[in-house]
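Visitor: Take this structure, written in structure tokens, and hold onto it; I'll ask about it next.
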Amino acid sequence: MRVELFSHLKRAAGSGTIEVKVEGELSLKDALKLLPEGVRELVIDEYGSIRPGLLILVNGVDARTVHGYKVTVRDEDVISIVPMIHGGRAAA
């Protein structure tokens, strides 16, 4: 499974893409628990829930809005994780 990371998640991983091996089908949450520790703790909280403020796409589809995070993933899928924190600079 290819995981695309953006913003501070990309910095935490040291790369914009991580390959994670998935055997068979896993729930999205279980698949996210396979992420490297430094990234996993930014995505999954201490209770095993997906942290708020993240847009998670599975094959380009918003997993929360369309599936309520109740989606299974396989090794050939692509997960994109985009923090929804926006920045900018002050107006002059």
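By order of appearance in the structure tokens: chains A, B, ..., then residues from 1 within every chain, and ligands from 1 in the order shown.
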List every residue of chain A that DSSP, applied to the backbone of this structure, assigns to alpha helix (DSSP H), and report them as a list in words.

Guide: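 DSSP-assigned alpha helix (DSSP H) residues in chain A: His8, Leu9, Lys10, Arg11, Ala12, Ala13, Leu28, Lys29, Asp30, Ala31, Leu32, Glu37, Gly38, Val39, Arg40, Glu41, Leu42, Val43, Ala63, Arg64, Thr65, Val66 and His67 of chain A.
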
Visitor: Include C-alpha atoms and write out the residues we just selected as an mmCIF file, in the first residue's frame.

Guide:
```
data_model
loop_
_atom_site.group_PDB
_atom_site.id
_atom_site.type_symbol
_atom_site.label_atom_id
_atom_site.label_comp_id
_atom_site.auth_asym_id
_atom_site.auth_seq_id
_atom_site.Cartn_x
_atom_site.Cartn_y
_atom_site.Cartn_z
ATOM 1 C CA HIS A 8 4.513 17.950 8.855
ATOM 2 C CA LEU A 9 3.736 14.264 8.230
ATOM 3 C CA LYS A 10 6.098 14.320 5.260
ATOM 4 C CA ARG A 11 8.797 15.879 7.434
ATOM 5 C CA ALA A 12 8.235 13.289 10.177
ATOM 6 C CA ALA A 13 8.634 10.444 7.673
ATOM 7 C CA LEU A 28 -8.245 1.652 7.386
ATOM 8 C CA LYS A 29 -7.486 2.156 11.087
ATOM 9 C CA ASP A 30 -5.548 -1.107 11.306
ATOM 10 C CA ALA A 31 -3.606 -0.224 8.165
ATOM 11 C CA LEU A 32 -2.697 3.192 9.611
ATOM 12 C CA GLU A 37 6.151 5.176 14.788
ATOM 13 C CA GLY A 38 7.033 8.845 14.184
ATOM 14 C CA VAL A 39 4.217 9.185 11.657
ATOM 15 C CA ARG A 40 1.749 6.820 13.331
ATOM 16 C CA GLU A 41 1.641 8.883 16.528
ATOM 17 C CA LEU A 42 0.708 11.951 14.466
ATOM 18 C CA VAL A 43 -2.141 10.075 12.749
ATOM 19 C CA ALA A 63 -12.612 8.085 3.772
ATOM 20 C CA ARG A 64 -14.376 9.994 6.562
ATOM 21 C CA THR A 65 -17.134 11.705 4.616
ATOM 22 C CA VAL A 66 -17.979 8.882 2.236
ATOM 23 C CA HIS A 67 -17.250 5.851 4.414
#
```

Visitor: As a PDB file with C-alpha atoms, in the first residue's frame, please: every residue in stretch 4-68 of chain A that DSSP puts in strand (DSSP E or B).

Guide:
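Once written, out-v1.pdb looks like this:
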```pdb
ATOM      1  CA  GLU A   4       1.255   9.742   0.483  1.00  0.00           C
ATOM      2  CA  LEU A   5       2.088  12.249   3.212  1.00  0.00           C
ATOM      3  CA  THR A  17       5.667   8.504   0.236  1.00  0.00           C
ATOM      4  CA  ILE A  18       5.830   5.396   2.408  1.00  0.00           C
ATOM      5  CA  GLU A  19       5.279   1.830   1.229  1.00  0.00           C
ATOM      6  CA  LEU A  26      -7.387  -4.532   6.644  1.00  0.00           C
ATOM      7  CA  SER A  27      -9.577  -1.820   8.077  1.00  0.00           C
ATOM      8  CA  ILE A  44      -3.461   7.689  15.437  1.00  0.00           C
ATOM      9  CA  ILE A  50      -7.696   8.755  13.900  1.00  0.00           C
ATOM     10  CA  LEU A  54      -6.618  15.103   8.942  1.00  0.00           C
ATOM     11  CA  LEU A  55      -8.074  14.569   5.496  1.00  0.00           C
ATOM     12  CA  ILE A  56      -7.560  10.892   4.646  1.00  0.00           C
ATOM     13  CA  LEU A  57      -8.221   9.787   1.095  1.00  0.00           C
ATOM     14  CA  VAL A  58      -8.357   6.161  -0.028  1.00  0.00           C
ATOM     15  CA  VAL A  61     -12.024   9.323  -2.008  1.00  0.00           C
ATOM     16  CA  ASP A  62     -12.511  11.038   1.361  1.00  0.00           C
TER      17      ASP A  62
END
```

Visitor: Report, in Å with one decimal, the straight-line distance from atom CA of A:Val22 to atom CA of A:Met84.

Guide: 26.3 Å

Visitor: One decimal, in Å: what's the spacing between atom CA of A:Tyr69 and atom CA of A:Pro36?

Guide: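 Interatomic distance here is 20.2 Å.
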
Visitor: One decimal, Å: what's the distance from atom CA of A:Lys70 over to atom CA of A:Glu46, could you say?

Guide: 19.3 Å
